[in-house]
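Enquirer: First the structure, then my questions, so here it is.
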Amino acid sequence: MDKPLKLGLLGFGTVGTGVYRILQRNRSIISARAGADFEVSKILVRDLDKPRAVEVDRSLLTTDPREILDDPEIGIVVELIGGLDPAYQYIQEALSRGKHVVTANKAVIATYGARLISLAAENGADLYYEGAVGGGIPIIKPLRESLVGNRIEEIMGIVNGTTNYILTRMTQEKADFADVLGEAQALGYAEADPAADVEGYDAAHKLVILASLAFQKPIAIHQVYREGITKISREDIAFAEHFGCTIKLLAIGKRHPQGIEVRVHPTFIPNRHPLASVHDVFNAIYVRGDAVGELMFYGRGAGDLPTGSAVIADIVDVLRNCKQGTHHRVETLWQDAPVLSMEDVRTRYYIRLHAVDKPGVLAQVAASFGAEGVSIESMIQQGRGEDEPVPIVFITHEVEERRLRASLARIATLPAVKDIANVIRVEGGGR
Ligand SMILES: NC(=O)c1ccc[n+]([C@@H]2O[C@H](COP(=O)([O-])OP(=O)(O)OC[C@H]3O[C@@H](n4cnc5c(N)ncnc54)[C@H](OP(=O)(O)O)[C@@H]3O)[C@@H](O)[C@H]2O)c1
């Protein structure tokens, strides 16, 4: 009988213990499906005495990474530490030694993915990272394998559970951002320092990974346009409802003949769009391919067992490859296409401003839009405020962002306009 293949786990926190629990629970099914026997032979942690969510033989735990990276018997390294350092260094070292790597680390893959894919290929090793985007949702494998016959035109995702939870609560309770953030923190859905989530950094990392695969182009994090949800108010939520829309933080990648657009920002989407009904901490990724049409991947975007499920799927792929002696089955061909500047992106816009309600003001605002070629699809003016500014809301037709910005710069100089309170992009066709 063949000797069991040996796995080394780097990290034994939320996801590491989730992986271990699934391996304990479903070991025989997983082995049978992989067609190979395997065992976890070492687990790297920081603190040997920390209480763990699963029972584990203490002799498996180590604080010395060399016990995994230098062990020639360990052929598969599962990196679940998180962050760039030392995770990147360990992954690099493992691949350089021809060890196969499975990781759920979005930061490492978004930052160094192209480099690591080359390193894996040079060393005849596999690199899998299904858990890095969408937690338990299978999306990397569909993009790498199931959809290879398609030209992917568009990918749009709700890929951050914290912000989706906050926007869902704001919509349901007609509440303000700050109140709901506090509630999400109390429930453990948001970190004490929520910037990575609410400012869109986490979603931007995930978009880098998705768009690089979908468009076969290495995309750098600085090329992603990013805006968070902190400026969304209950007034915006109410106007979205009026227009038959929902506000979601979307990670958007689109292919155009002139280049690729990659952007993360709050977005109005029509209630009939499949992404509009993704609530709470759930994630979903919408993909449009030229052959398959529209697809939607939906599920839990985080958590020990959902993410563990994705990591196990990758481990099984590696085990199958090991069994069949066929490594690096998935080739990625990089193409040269420019990433468009945000100023060149064309979309529709929601604009909420406050202006004094005097005759002629609307005509001045309309003239400023018109001067830059921005045409208005809908408008709402609420209430009569005597000398008090009143809200005026516009939805534009599709226009280049450069023109929209130029028109807003004109509008901001009008004496009757008190402020431009918010501008939110609109996706998903007409009403
Ligand atoms: N949590 C999720 O739902 C989720 C979802 C999708 C993807 N991910 C990704 O999965 C990865 C792991 O996340 P997690 O939530 O499981 O993290 P976590 O709970 O913080 O666990 C991290 C583990 O790594 C160990 N560790 C940290 N720094 C180390 C170091 N310098 N040397 C040795 N060990 C070290 C920790 O050891 P101690 O236990 O001894 O402190 C801990 O066991 C991250 O890349 C994350 O982005 C997580």
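How things are named: the first chain in the structure tokens is A, the next is B, and so on; residues count from 1 in each chain; ligands count from 1 in the order shown.
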Run DSSP on the backbone and tell me which residues of region 32-109 of chain A come out as helix (DSSP H, G or I); list them as a ChimeraX atom specification.
Expert: /A:32-34,58-60,66-69,87-96,106-109
Enquirer: With 7 Å as the cut-off and only C-alpha atoms and all ligand atoms counted, what is the closest atom pair between each nearby residue of chain A and ligand 1? Distances in Å to one decimal, ordered by chain and number, as JSON lines.
Expert:
```
{"residue": "A:Leu10", "atom": "CA", "partner": "ligand 1", "partner_atom_place_in_ligand_line": "34 (N)", "distance": 6.3}
{"residue": "A:Gly11", "atom": "CA", "partner": "ligand 1", "partner_atom_place_in_ligand_line": "24 (O)", "distance": 3.4}
{"residue": "A:Phe12", "atom": "CA", "partner": "ligand 1", "partner_atom_place_in_ligand_line": "43 (O)", "distance": 3.4}
{"residue": "A:Gly13", "atom": "CA", "partner": "ligand 1", "partner_atom_place_in_ligand_line": "21 (O)", "distance": 3.3}
{"residue": "A:Thr14", "atom": "CA", "partner": "ligand 1", "partner_atom_place_in_ligand_line": "16 (O)", "distance": 3.6}
{"residue": "A:Val15", "atom": "CA", "partner": "ligand 1", "partner_atom_place_in_ligand_line": "16 (O)", "distance": 3.7}
{"residue": "A:Gly16", "atom": "CA", "partner": "ligand 1", "partner_atom_place_in_ligand_line": "16 (O)", "distance": 5.6}
{"residue": "A:Leu44", "atom": "CA", "partner": "ligand 1", "partner_atom_place_in_ligand_line": "34 (N)", "distance": 5.5}
{"residue": "A:Val45", "atom": "CA", "partner": "ligand 1", "partner_atom_place_in_ligand_line": "34 (N)", "distance": 3.9}
{"residue": "A:Arg46", "atom": "CA", "partner": "ligand 1", "partner_atom_place_in_ligand_line": "40 (O)", "distance": 3.5}
{"residue": "A:Asp47", "atom": "CA", "partner": "ligand 1", "partner_atom_place_in_ligand_line": "40 (O)", "distance": 3.8}
{"residue": "A:Leu48", "atom": "CA", "partner": "ligand 1", "partner_atom_place_in_ligand_line": "40 (O)", "distance": 6.2}
{"residue": "A:Lys50", "atom": "CA", "partner": "ligand 1", "partner_atom_place_in_ligand_line": "40 (O)", "distance": 6.2}
{"residue": "A:Thr63", "atom": "CA", "partner": "ligand 1", "partner_atom_place_in_ligand_line": "33 (C)", "distance": 6.3}
{"residue": "A:Leu80", "atom": "CA", "partner": "ligand 1", "partner_atom_place_in_ligand_line": "12 (C)", "distance": 4.2}
{"residue": "A:Ile81", "atom": "CA", "partner": "ligand 1", "partner_atom_place_in_ligand_line": "24 (O)", "distance": 3.6}
{"residue": "A:Gly82", "atom": "CA", "partner": "ligand 1", "partner_atom_place_in_ligand_line": "45 (O)", "distance": 3.1}
{"residue": "A:Gly83", "atom": "CA", "partner": "ligand 1", "partner_atom_place_in_ligand_line": "45 (O)", "distance": 5.9}
{"residue": "A:Pro86", "atom": "CA", "partner": "ligand 1", "partner_atom_place_in_ligand_line": "31 (N)", "distance": 5.8}
{"residue": "A:Ala104", "atom": "CA", "partner": "ligand 1", "partner_atom_place_in_ligand_line": "10 (O)", "distance": 4.6}
{"residue": "A:Asn105", "atom": "CA", "partner": "ligand 1", "partner_atom_place_in_ligand_line": "45 (O)", "distance": 3.4}
{"residue": "A:Lys106", "atom": "CA", "partner": "ligand 1", "partner_atom_place_in_ligand_line": "47 (O)", "distance": 5.7}
{"residue": "A:Ala107", "atom": "CA", "partner": "ligand 1", "partner_atom_place_in_ligand_line": "45 (O)", "distance": 6.9}
{"residue": "A:Gly131", "atom": "CA", "partner": "ligand 1", "partner_atom_place_in_ligand_line": "7 (C)", "distance": 5.4}
{"residue": "A:Ala132", "atom": "CA", "partner": "ligand 1", "partner_atom_place_in_ligand_line": "7 (C)", "distance": 5.0}
{"residue": "A:Val133", "atom": "CA", "partner": "ligand 1", "partner_atom_place_in_ligand_line": "6 (C)", "distance": 6.6}
{"residue": "A:Gly134", "atom": "CA", "partner": "ligand 1", "partner_atom_place_in_ligand_line": "6 (C)", "distance": 6.9}
{"residue": "A:Gly135", "atom": "CA", "partner": "ligand 1", "partner_atom_place_in_ligand_line": "6 (C)", "distance": 4.5}
{"residue": "A:Gly301", "atom": "CA", "partner": "ligand 1", "partner_atom_place_in_ligand_line": "5 (C)", "distance": 6.6}
{"residue": "A:Ala302", "atom": "CA", "partner": "ligand 1", "partner_atom_place_in_ligand_line": "3 (O)", "distance": 3.6}
{"residue": "A:Gly303", "atom": "CA", "partner": "ligand 1", "partner_atom_place_in_ligand_line": "3 (O)", "distance": 3.6}
{"residue": "A:Asp304", "atom": "CA", "partner": "ligand 1", "partner_atom_place_in_ligand_line": "3 (O)", "distance": 5.6}
{"residue": "A:Thr307", "atom": "CA", "partner": "ligand 1", "partner_atom_place_in_ligand_line": "5 (C)", "distance": 5.4}
```
Enquirer: Taking N, CA and C atoms for each residue, export the selection above as a short mmCIF file (atom, residue, chain, number, x, y, z; two decimals), in the first residue's frame.
Expert:
```cif
data_model
loop_
_atom_site.label_atom_id
_atom_site.label_comp_id
_atom_site.auth_asym_id
_atom_site.auth_seq_id
_atom_site.Cartn_x
_atom_site.Cartn_y
_atom_site.Cartn_z
N LEU A 10 0.30 25.54 8.01
CA LEU A 10 0.88 26.76 8.59
C LEU A 10 -0.31 27.58 9.09
N GLY A 11 -0.50 27.66 10.41
CA GLY A 11 -1.64 28.39 10.97
C GLY A 11 -2.75 27.45 11.38
N PHE A 12 -3.28 27.72 12.58
CA PHE A 12 -4.33 26.85 13.12
C PHE A 12 -5.36 27.72 13.85
N GLY A 13 -5.81 28.76 13.15
CA GLY A 13 -6.82 29.66 13.71
C GLY A 13 -8.19 29.27 13.18
N THR A 14 -8.98 30.27 12.81
CA THR A 14 -10.35 30.01 12.34
C THR A 14 -10.37 29.00 11.19
N VAL A 15 -9.64 29.30 10.13
CA VAL A 15 -9.70 28.43 8.95
C VAL A 15 -8.91 27.14 9.17
N GLY A 16 -7.73 27.25 9.81
CA GLY A 16 -6.91 26.06 10.05
C GLY A 16 -7.67 25.00 10.84
N LEU A 44 1.95 24.49 12.23
CA LEU A 44 2.68 25.63 12.77
C LEU A 44 1.72 26.61 13.45
N VAL A 45 2.04 26.99 14.69
CA VAL A 45 1.27 28.01 15.41
C VAL A 45 2.26 28.99 16.05
N ARG A 46 1.72 30.03 16.67
CA ARG A 46 2.58 30.96 17.42
C ARG A 46 2.68 30.55 18.88
N ASP A 47 1.53 30.06 19.39
CA ASP A 47 1.43 29.81 20.83
C ASP A 47 0.95 28.36 21.05
N LEU A 48 1.85 27.53 21.59
CA LEU A 48 1.51 26.11 21.76
C LEU A 48 0.41 25.90 22.80
N LYS A 50 -2.21 27.90 23.50
CA LYS A 50 -3.49 28.55 23.25
C LYS A 50 -4.61 27.49 23.14
N THR A 63 6.19 25.53 16.85
CA THR A 63 6.34 26.98 16.59
C THR A 63 7.50 27.22 15.62
N LEU A 80 -2.32 29.03 6.16
CA LEU A 80 -3.52 29.67 6.70
C LEU A 80 -3.15 30.61 7.85
N ILE A 81 -2.04 31.33 7.64
CA ILE A 81 -1.58 32.31 8.63
C ILE A 81 -2.25 33.66 8.37
N GLY A 82 -2.25 34.05 7.10
CA GLY A 82 -2.83 35.35 6.72
C GLY A 82 -1.77 36.44 6.72
N GLY A 83 -2.07 37.57 6.08
CA GLY A 83 -1.14 38.71 6.00
C GLY A 83 0.01 38.42 5.06
N PRO A 86 4.89 36.50 7.77
CA PRO A 86 5.85 35.73 6.99
C PRO A 86 5.20 34.79 5.96
N ALA A 104 -5.34 30.33 1.55
CA ALA A 104 -6.58 31.13 1.49
C ALA A 104 -6.23 32.60 1.64
N ASN A 105 -4.97 32.93 1.34
CA ASN A 105 -4.43 34.25 1.67
C ASN A 105 -4.62 35.24 0.51
N LYS A 106 -5.67 36.07 0.61
CA LYS A 106 -5.95 37.01 -0.50
C LYS A 106 -4.87 38.07 -0.62
N ALA A 107 -4.30 38.48 0.54
CA ALA A 107 -3.29 39.55 0.48
C ALA A 107 -2.08 39.08 -0.32
N GLY A 131 -9.87 29.40 -1.37
CA GLY A 131 -10.39 30.07 -0.17
C GLY A 131 -10.11 31.56 -0.10
N ALA A 132 -9.28 32.06 -1.02
CA ALA A 132 -8.87 33.48 -0.93
C ALA A 132 -9.99 34.44 -1.33
N VAL A 133 -10.95 33.99 -2.11
CA VAL A 133 -12.07 34.85 -2.52
C VAL A 133 -13.39 34.11 -2.29
N GLY A 134 -14.31 34.78 -1.63
CA GLY A 134 -15.66 34.22 -1.51
C GLY A 134 -15.77 33.07 -0.52
N GLY A 135 -14.79 32.89 0.37
CA GLY A 135 -14.89 31.85 1.41
C GLY A 135 -15.25 30.51 0.82
N GLY A 301 -19.30 33.74 2.54
CA GLY A 301 -18.01 34.26 2.11
C GLY A 301 -16.92 34.18 3.15
N ALA A 302 -17.23 33.59 4.31
CA ALA A 302 -16.22 33.48 5.37
C ALA A 302 -16.68 32.40 6.35
N GLY A 303 -15.84 32.20 7.38
CA GLY A 303 -16.19 31.23 8.40
C GLY A 303 -15.30 30.00 8.33
N ASP A 304 -15.18 29.30 9.47
CA ASP A 304 -14.23 28.19 9.56
C ASP A 304 -14.57 27.04 8.60
N THR A 307 -14.93 28.21 4.60
CA THR A 307 -13.61 28.44 3.99
C THR A 307 -12.81 27.14 3.99
#
```
Enquirer: Quick one: distance from CA of Arg425 (chain A) to CA of Thr347 (chain A) in Å, one decimal?
Expert: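 According to the coordinates, CA of Arg425 (chain A) and CA of Thr347 (chain A) are separated by 6.8 Å.
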Enquirer: Taking 4 positions as the minimum chain separation for residues in the same chain, which residues sit within 9 Å of Val311 (chain A) when counting only C-alpha atoms? Answer as a compact mmCIF listing (two decimals) with N, CA and C atoms, in the first residue's frame.
Expert:
```txt
# COMPACT_ATOMS: atom_id res chain seq x y z
N VAL A 15 -9.64 29.30 10.13
CA VAL A 15 -9.70 28.43 8.95
C VAL A 15 -8.91 27.14 9.17
N VAL A 19 -10.44 23.49 8.67
CA VAL A 19 -9.91 22.47 7.75
C VAL A 19 -9.71 21.16 8.51
N VAL A 78 -0.10 23.86 3.52
CA VAL A 78 -1.37 24.58 3.51
C VAL A 78 -1.19 25.83 4.36
N VAL A 102 -1.33 25.17 -0.92
CA VAL A 102 -2.73 25.59 -0.90
C VAL A 102 -2.80 26.74 0.09
N THR A 103 -3.46 27.82 -0.30
CA THR A 103 -3.56 28.97 0.61
C THR A 103 -4.93 29.62 0.48
N ALA A 104 -5.34 30.33 1.55
CA ALA A 104 -6.58 31.13 1.49
C ALA A 104 -6.23 32.60 1.64
N TYR A 128 -2.74 26.55 -5.32
CA TYR A 128 -4.21 26.67 -5.34
C TYR A 128 -4.67 27.65 -4.27
N TYR A 129 -5.74 28.41 -4.57
CA TYR A 129 -6.13 29.45 -3.61
C TYR A 129 -7.64 29.73 -3.63
N GLU A 130 -8.43 28.65 -3.70
CA GLU A 130 -9.89 28.82 -3.76
C GLU A 130 -10.44 29.60 -2.56
N GLY A 131 -9.87 29.40 -1.37
CA GLY A 131 -10.39 30.07 -0.17
C GLY A 131 -10.11 31.56 -0.10
N GLY A 136 -16.44 30.02 1.14
CA GLY A 136 -16.86 28.68 0.69
C GLY A 136 -17.36 28.63 -0.75
N PRO A 306 -17.07 26.87 6.02
CA PRO A 306 -17.18 27.23 4.59
C PRO A 306 -15.80 27.45 3.94
N THR A 307 -14.93 28.21 4.60
CA THR A 307 -13.61 28.44 3.99
C THR A 307 -12.81 27.14 3.99
N ILE A 315 -6.92 20.92 -1.61
CA ILE A 315 -6.03 19.84 -1.15
C ILE A 315 -6.31 18.57 -1.97
N VAL A 316 -7.59 18.30 -2.21
CA VAL A 316 -7.95 17.10 -2.98
C VAL A 316 -7.41 17.21 -4.41
```
Enquirer: For Leu5 (chain A), which residue among A:Ile68, A:Val318, A:Leu119, A:Ala190 is the nearest when counting only C-alpha atoms?
Expert: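 Ranking A:Ile68, A:Val318, A:Leu119, A:Ala190 by distance to Leu5 (chain A), first place goes to A:Val318.
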Enquirer: Could you find all residues in region 44-158 of chain A that DSSP calls strand (DSSP E) from the backbone, and write them as an NGL selection string?
Expert: :A and (44 or 61-62 or 74-79 or 100-103 or 127-128 or 152-158)
Enquirer: With a distance cut-off of 10 Å and only C-alpha atoms, select the neighbouring residues of Arg272 (chain A), excluding the residue or stretch itself and same-chain residues fewer than 3 positions from it, and output the selection as a ChimeraX atom specification.
Expert: /A:244-246,269,275-277,428,431
Enquirer: Counting only C-alpha atoms, what is within 12 Å of Ile139 (chain A), bar same-chain residues fewer than 4 positions away, as a PyMOL selection string?
Expert: chain A and resi 129-135+143-147+155-157+159+206-207+209-211+213-214+283-287+295-299+301+310+313
Enquirer: Output C-alpha atoms for every residue in that selection, as a compact mmCIF listing (two decimals), in the first residue's frame.
Expert:
```txt
# COMPACT_ATOMS: atom_id res chain seq x y z
CA TYR A 129 -6.13 29.45 -3.61
CA GLU A 130 -9.89 28.82 -3.76
CA GLY A 131 -10.39 30.07 -0.17
CA ALA A 132 -8.87 33.48 -0.93
CA VAL A 133 -12.07 34.85 -2.52
CA GLY A 134 -15.66 34.22 -1.51
CA GLY A 135 -14.89 31.85 1.41
CA LEU A 143 -12.76 30.76 -13.64
CA ARG A 144 -9.62 28.62 -14.05
CA GLU A 145 -11.30 25.53 -15.44
CA SER A 146 -15.06 25.34 -16.00
CA LEU A 147 -15.31 28.60 -17.98
CA ILE A 155 -17.51 39.96 -13.26
CA MET A 156 -19.33 41.72 -10.42
CA GLY A 157 -19.16 40.58 -6.85
CA VAL A 159 -17.16 39.87 -1.84
CA LYS A 206 -10.36 40.03 -4.04
CA LEU A 207 -11.13 41.90 -7.27
CA ILE A 209 -7.58 37.98 -7.94
CA LEU A 210 -10.89 37.59 -9.78
CA ALA A 211 -10.15 40.04 -12.59
CA LEU A 213 -8.11 35.24 -13.74
CA ALA A 214 -11.16 36.39 -15.67
CA ASN A 283 -21.34 36.86 -0.73
CA ALA A 284 -22.13 36.40 -4.41
CA ILE A 285 -20.22 36.70 -7.63
CA TYR A 286 -21.99 37.38 -10.91
CA VAL A 287 -20.12 36.40 -14.07
CA LEU A 295 -23.94 32.97 -13.92
CA MET A 296 -24.30 33.64 -10.24
CA PHE A 297 -22.23 32.02 -7.47
CA TYR A 298 -23.74 32.50 -4.01
CA GLY A 299 -22.83 31.39 -0.50
CA GLY A 301 -18.01 34.26 2.11
CA ALA A 310 -12.76 25.49 -0.24
CA ALA A 313 -11.22 21.04 -2.37
```
